[in-house]
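Colleague: One structure, as structure tokens, below. Some questions next.
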Amino acid sequence: MDYREAEQRAPLKRVWKGMIPIELQLAASDAIELLASAVLPEPFQTFYMLIPRVGYLPFISGKIKERWLDPMLALSGSRTPSDQIEESDIWFEYKGQALKWHYPIGLLYDMLVSDVHRGDAELPWSLTLHVRKLPTAKIIAQPNGQLMRDMFMAMIKEADFIRNGSTKRVMDLAKSDQMQFLDGLETHSYEKYFAIHSILVPTATIADSRAPVSSASSTASNAQKPRGAMQPKAIPVRFYMQTAGSLDDGSAKDAQAVGAAASTSGGNSNSNAGATKQADIMQFHVSQVPIPLYREGSTSELATLADAFKLCYGITDQTNDAFVTNCACISHGVCVPWESPISWLAEHFFYADCFLHLVVVSV
């Protein structure tokens, strides 16, 4: 790898290595059932762990069981054998909200920790762990590693289709490559994961990593493309827009309503200026449309994050940029400038499933 290539990969590597420290406590109701007491014995009252932002909760459940739950049950004389707790029984809660385990961990954090956009991180992230009564009305049942791998590969295929118009790149992967790809994700191995990712997304779109922000008039004409560069048909993007109501079906009608709110008073019309309110995961509207590399009607002017938001939320007035003032866009814990080229973000801020997951909140 030459110096220029290393320079280009530097932002991507920093994003991949992002971690969140968590503080786990066992739910009191589960503790009573397992140990006949709501108070856990020392030193098992709290469990600390450092987990990757790009990872998924089912991939850490086995370590938690092995390092915390199993020793706790063995040393406390519990009548419940550790082998009666399956990894698929484990689920997580934050301030009364069951966490959607098929979402990337970093995305969950950015959605639910209220002051991320102000730079006030909640660290460690305090979560409650459950091993009983999984709320299947709120989260998908059976949060185990195999189902997570299947769902992850489905997202990879979807991203491949959006980028290339087919899933051929994913379907052509050898079984050994697919296993290495998944192993790289589960073990948080940069080398293993990106050895296969480079097959799925073989070349950069716009290779200048030194210019993450461009004005609306910037062009791609002077951006150096690597030899054999292949531009995508579109970019896989999902917005998670915080709203005042439970609008999470992704319909075009809801998207337009949310977009209109963002362009007037911000996404959450019930929030008071300066007030900190606990985010509700059910009040995020998820919108996804294929985002073109260039602005509408241009073959050289790069589309920006603001352009992508307008497209996703049906804001047809191209001069309407009120949401830039009303809302903040967060990815990997970073407030991303609205004028950022979507192509640069697609290369450096994507999650392991090859999607850009962008959280939008009122400010």
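All residue names refer to the structure tokens as shown: chains lettered A, B, ... in order, residues numbered from 1 in each chain, ligands numbered from 1 in order.
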Using only C-alpha atoms, determine which residues lie at most 9 Å from Ile60 of chain A, disregarding the query and same-chain residues fewer than 5 positions distant; provide the list as a count of residues only.
Modeller: 4
Colleague: Set the distance at 6 Å and use only C-alpha atoms: which residues neighbour segment 101-115 of chain A once local chain neighbours fewer than 6 positions away are removed? I'd like the list as a ChimeraX atom specification.
Modeller: /A:53-57,278-279
Colleague: Could you list, as a compact mmCIF listing (two decimals) with C-alpha atoms, in the first residue's frame, every residue within 9 Å of Tyr94 of chain A, counting only C-alpha atoms and ignoring same-chain residues fewer than 3 positions away?
Modeller:
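That gives us selection-v1.txt:
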```txt
# COMPACT_ATOMS: atom_id res chain seq x y z
CA GLN A 97 -36.68 0.75 25.37
CA ALA A 98 -35.85 -2.63 23.88
CA LEU A 99 -32.95 -2.24 21.46
CA LEU A 112 -31.15 7.09 21.51
CA TRP A 125 -23.50 3.63 27.82
CA SER A 126 -25.68 2.17 30.58
CA LEU A 127 -27.77 -0.75 29.36
CA THR A 128 -29.98 -3.31 31.06
```
Colleague: List the neighbours of Met155 of chain A out to 12 Å using only C-alpha atoms; skip same-chain residues closer than 6 positions along the sequence, and give me the result as a PyMOL selection string.
Modeller: chain A and resi 102-104+148-149+161-162+167+170+236-238+351-356
Colleague: Restricting it to C-alpha atoms, dump the selection as a compact mmCIF listing (two decimals), in the first residue's frame.
Modeller:
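Dumped to out.txt:
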```txt
# COMPACT_ATOMS: atom_id res chain seq x y z
CA HIS A 102 -30.55 -6.00 13.91
CA TYR A 103 -29.49 -2.31 13.85
CA PRO A 104 -25.76 -1.52 14.04
CA MET A 148 -27.98 -11.91 12.42
CA ARG A 149 -25.57 -13.23 9.78
CA PHE A 161 -28.25 -4.02 -5.96
CA ILE A 162 -28.54 -0.29 -5.28
CA THR A 167 -26.50 -8.71 -6.67
CA VAL A 170 -22.34 -10.81 -3.66
CA PRO A 236 -27.24 3.05 -0.44
CA VAL A 237 -28.52 5.54 2.15
CA ARG A 238 -31.01 5.34 5.02
CA TYR A 351 -21.44 0.83 8.17
CA ALA A 352 -20.42 -2.80 7.76
CA ASP A 353 -23.58 -3.52 5.73
CA CYS A 354 -22.36 -1.00 3.10
CA PHE A 355 -25.18 1.44 3.87
CA LEU A 356 -24.89 5.02 5.03
```
Colleague: Per residue of segment 99-142 of chain A within 9 Å of segment 27-38 of chain A, note the shortest atom pair and the distance in Å to one decimal, counting only C-alpha atoms, and order the rows by chain and increasing residue number, as a Markdown table.
Modeller:
```
| residue | atom | partner | partner_atom | distance |
| --- | --- | --- | --- | --- |
| A:Thr128 | CA | A:Ala27 | CA | 5.9 |
| A:Leu129 | CA | A:Ala27 | CA | 5.9 |
| A:His130 | CA | A:Ala27 | CA | 5.7 |
| A:Val131 | CA | A:Asp30 | CA | 6.6 |
| A:Arg132 | CA | A:Asp30 | CA | 6.5 |
```
Colleague: May I have the selected residues written with all heavy atoms, as a short mmCIF file (atom, residue, chain, number, x, y, z; two decimals), in the first residue's frame?
Modeller:
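Written output follows (again_33.cif):
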```cif
data_model
loop_
_atom_site.label_atom_id
_atom_site.label_comp_id
_atom_site.auth_asym_id
_atom_site.auth_seq_id
_atom_site.Cartn_x
_atom_site.Cartn_y
_atom_site.Cartn_z
N THR A 128 -29.44 -2.23 30.24
CA THR A 128 -29.98 -3.31 31.06
C THR A 128 -30.05 -4.58 30.22
O THR A 128 -30.53 -4.55 29.08
CB THR A 128 -31.39 -2.97 31.58
OG1 THR A 128 -31.32 -1.76 32.36
CG2 THR A 128 -31.94 -4.08 32.44
N LEU A 129 -29.54 -5.67 30.76
CA LEU A 129 -29.55 -6.95 30.05
C LEU A 129 -30.67 -7.83 30.58
O LEU A 129 -30.89 -7.91 31.79
CB LEU A 129 -28.20 -7.65 30.21
CG LEU A 129 -28.05 -8.98 29.46
CD1 LEU A 129 -26.72 -9.05 28.75
CD2 LEU A 129 -28.19 -10.17 30.41
N HIS A 130 -31.37 -8.46 29.65
CA HIS A 130 -32.46 -9.39 30.00
C HIS A 130 -32.16 -10.77 29.43
O HIS A 130 -31.54 -10.88 28.36
CB HIS A 130 -33.78 -8.91 29.40
CG HIS A 130 -34.31 -7.64 29.99
ND1 HIS A 130 -35.29 -7.60 30.95
CD2 HIS A 130 -33.99 -6.34 29.72
CE1 HIS A 130 -35.57 -6.35 31.26
NE2 HIS A 130 -34.79 -5.56 30.52
N VAL A 131 -32.64 -11.79 30.10
CA VAL A 131 -32.54 -13.16 29.58
C VAL A 131 -33.90 -13.86 29.60
O VAL A 131 -33.99 -15.05 29.34
CB VAL A 131 -31.52 -14.00 30.39
CG1 VAL A 131 -30.11 -13.44 30.23
CG2 VAL A 131 -31.91 -14.06 31.87
N ARG A 132 -34.93 -13.11 29.90
CA ARG A 132 -36.28 -13.65 29.95
C ARG A 132 -37.26 -12.68 29.28
O ARG A 132 -36.99 -11.49 29.17
CB ARG A 132 -36.72 -13.90 31.39
CG ARG A 132 -35.93 -14.99 32.12
CD ARG A 132 -36.28 -16.36 31.58
NE ARG A 132 -35.67 -17.45 32.34
CZ ARG A 132 -34.52 -18.04 32.03
NH1 ARG A 132 -33.85 -17.64 30.96
NH2 ARG A 132 -34.03 -19.02 32.76
#
```
Colleague: I need the residue nearest Leu24 of chain A from this list: A:Gly297, A:Pro232, A:Pro124, A:Pro43. Use only C-alpha atoms for the distance.
Modeller: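 The closest residue to Leu24 of chain A is A:Pro124.
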Colleague: Figure out the distance between atom CA of Ser340 of chain A and atom CA of Phe284 of chain A, please, to one decimal in Å.
Modeller: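 Pair atom CA of Phe284 of chain A / atom CA of Ser340 of chain A returns 22.8 Å.
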Colleague: Taking 5 positions as the minimum chain separation for residues in the same chain, which residues sit within 8 Å of His348 of chain A when counting only C-alpha atoms? Answer as a PyMOL selection string.
Modeller: chain A and resi 9+11-12+15
Colleague: Within 12 Å of Glu296 of chain A, counting only C-alpha atoms, which residues qualify if same-chain residues fewer than 4 places away don't, as a list in words?
Modeller: Ile291, Pro292, Ser300, Glu301, Leu302, Ala303, Thr304, Asp307, Ala308, Lys310, Leu311, Thr316 and Gln318 of chain A
Colleague: Please give the complete set of residues from segment 47-224 of chain A that DSSP, run on the backbone, assigns to helix (DSSP H, G or I), formatted as a VMD selection string.
Modeller: chain A and resid 58 to 76 82 to 84 87 to 89 105 to 112 116 to 118 145 to 164 168 to 171 175 to 186 190 to 200
Colleague: Env of Cys312 of chain A: 7 Å cut, atoms = only C-alpha atoms, seq-sep filter 3 positions within chain, self excluded. Answer as a list in words.
Modeller: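 Counting only the stated atoms, we get Ser287, Gln288, Val289, Ala308 and Phe309 of chain A.
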Colleague: Output all heavy atoms of each residue in that selection to a file, as a PDB file, in the first residue's frame.
Modeller:
```
ATOM      1  N   SER A 287     -36.370   6.379   6.107  1.00  0.00           N
ATOM      2  CA  SER A 287     -36.600   6.631   4.692  1.00  0.00           C
ATOM      3  C   SER A 287     -35.377   6.191   3.890  1.00  0.00           C
ATOM      4  O   SER A 287     -34.241   6.458   4.280  1.00  0.00           O
ATOM      5  CB  SER A 287     -36.866   8.117   4.449  1.00  0.00           C
ATOM      6  OG  SER A 287     -37.155   8.366   3.086  1.00  0.00           O
ATOM      7  N   GLN A 288     -35.648   5.517   2.800  1.00  0.00           N
ATOM      8  CA  GLN A 288     -34.558   5.019   1.949  1.00  0.00           C
ATOM      9  C   GLN A 288     -34.936   5.157   0.489  1.00  0.00           C
ATOM     10  O   GLN A 288     -35.977   4.643   0.061  1.00  0.00           O
ATOM     11  CB  GLN A 288     -34.259   3.553   2.263  1.00  0.00           C
ATOM     12  CG  GLN A 288     -33.261   2.890   1.326  1.00  0.00           C
ATOM     13  CD  GLN A 288     -33.116   1.408   1.593  1.00  0.00           C
ATOM     14  OE1 GLN A 288     -33.163   0.968   2.735  1.00  0.00           O
ATOM     15  NE2 GLN A 288     -32.949   0.631   0.544  1.00  0.00           N
ATOM     16  N   VAL A 289     -34.124   5.863  -0.266  1.00  0.00           N
ATOM     17  CA  VAL A 289     -34.245   5.894  -1.721  1.00  0.00           C
ATOM     18  C   VAL A 289     -32.829   5.855  -2.281  1.00  0.00           C
ATOM     19  O   VAL A 289     -31.889   6.325  -1.629  1.00  0.00           O
ATOM     20  CB  VAL A 289     -34.985   7.149  -2.239  1.00  0.00           C
ATOM     21  CG1 VAL A 289     -36.405   7.208  -1.735  1.00  0.00           C
ATOM     22  CG2 VAL A 289     -34.236   8.420  -1.872  1.00  0.00           C
ATOM     23  N   ALA A 308     -29.406  14.703  -0.726  1.00  0.00           N
ATOM     24  CA  ALA A 308     -29.912  13.357  -0.423  1.00  0.00           C
ATOM     25  C   ALA A 308     -31.119  13.436   0.504  1.00  0.00           C
ATOM     26  O   ALA A 308     -32.111  12.710   0.327  1.00  0.00           O
ATOM     27  CB  ALA A 308     -28.802  12.516   0.205  1.00  0.00           C
ATOM     28  N   PHE A 309     -31.056  14.317   1.509  1.00  0.00           N
ATOM     29  CA  PHE A 309     -32.171  14.462   2.446  1.00  0.00           C
ATOM     30  C   PHE A 309     -33.422  14.957   1.718  1.00  0.00           C
ATOM     31  O   PHE A 309     -34.530  14.451   1.945  1.00  0.00           O
ATOM     32  CB  PHE A 309     -31.788  15.432   3.562  1.00  0.00           C
ATOM     33  CG  PHE A 309     -32.850  15.602   4.620  1.00  0.00           C
ATOM     34  CD1 PHE A 309     -32.968  14.690   5.656  1.00  0.00           C
ATOM     35  CD2 PHE A 309     -33.743  16.661   4.566  1.00  0.00           C
ATOM     36  CE1 PHE A 309     -33.949  14.833   6.626  1.00  0.00           C
ATOM     37  CE2 PHE A 309     -34.730  16.815   5.524  1.00  0.00           C
ATOM     38  CZ  PHE A 309     -34.834  15.900   6.554  1.00  0.00           C
TER      39      PHE A 309
END
```
Colleague: Tell me, in Å to one decimal, how far atom CA of Met49 of chain A is from atom CA of His197 of chain A.
Modeller: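 Computed distance, atom CA of Met49 of chain A to atom CA of His197 of chain A, equals 27.1 Å.
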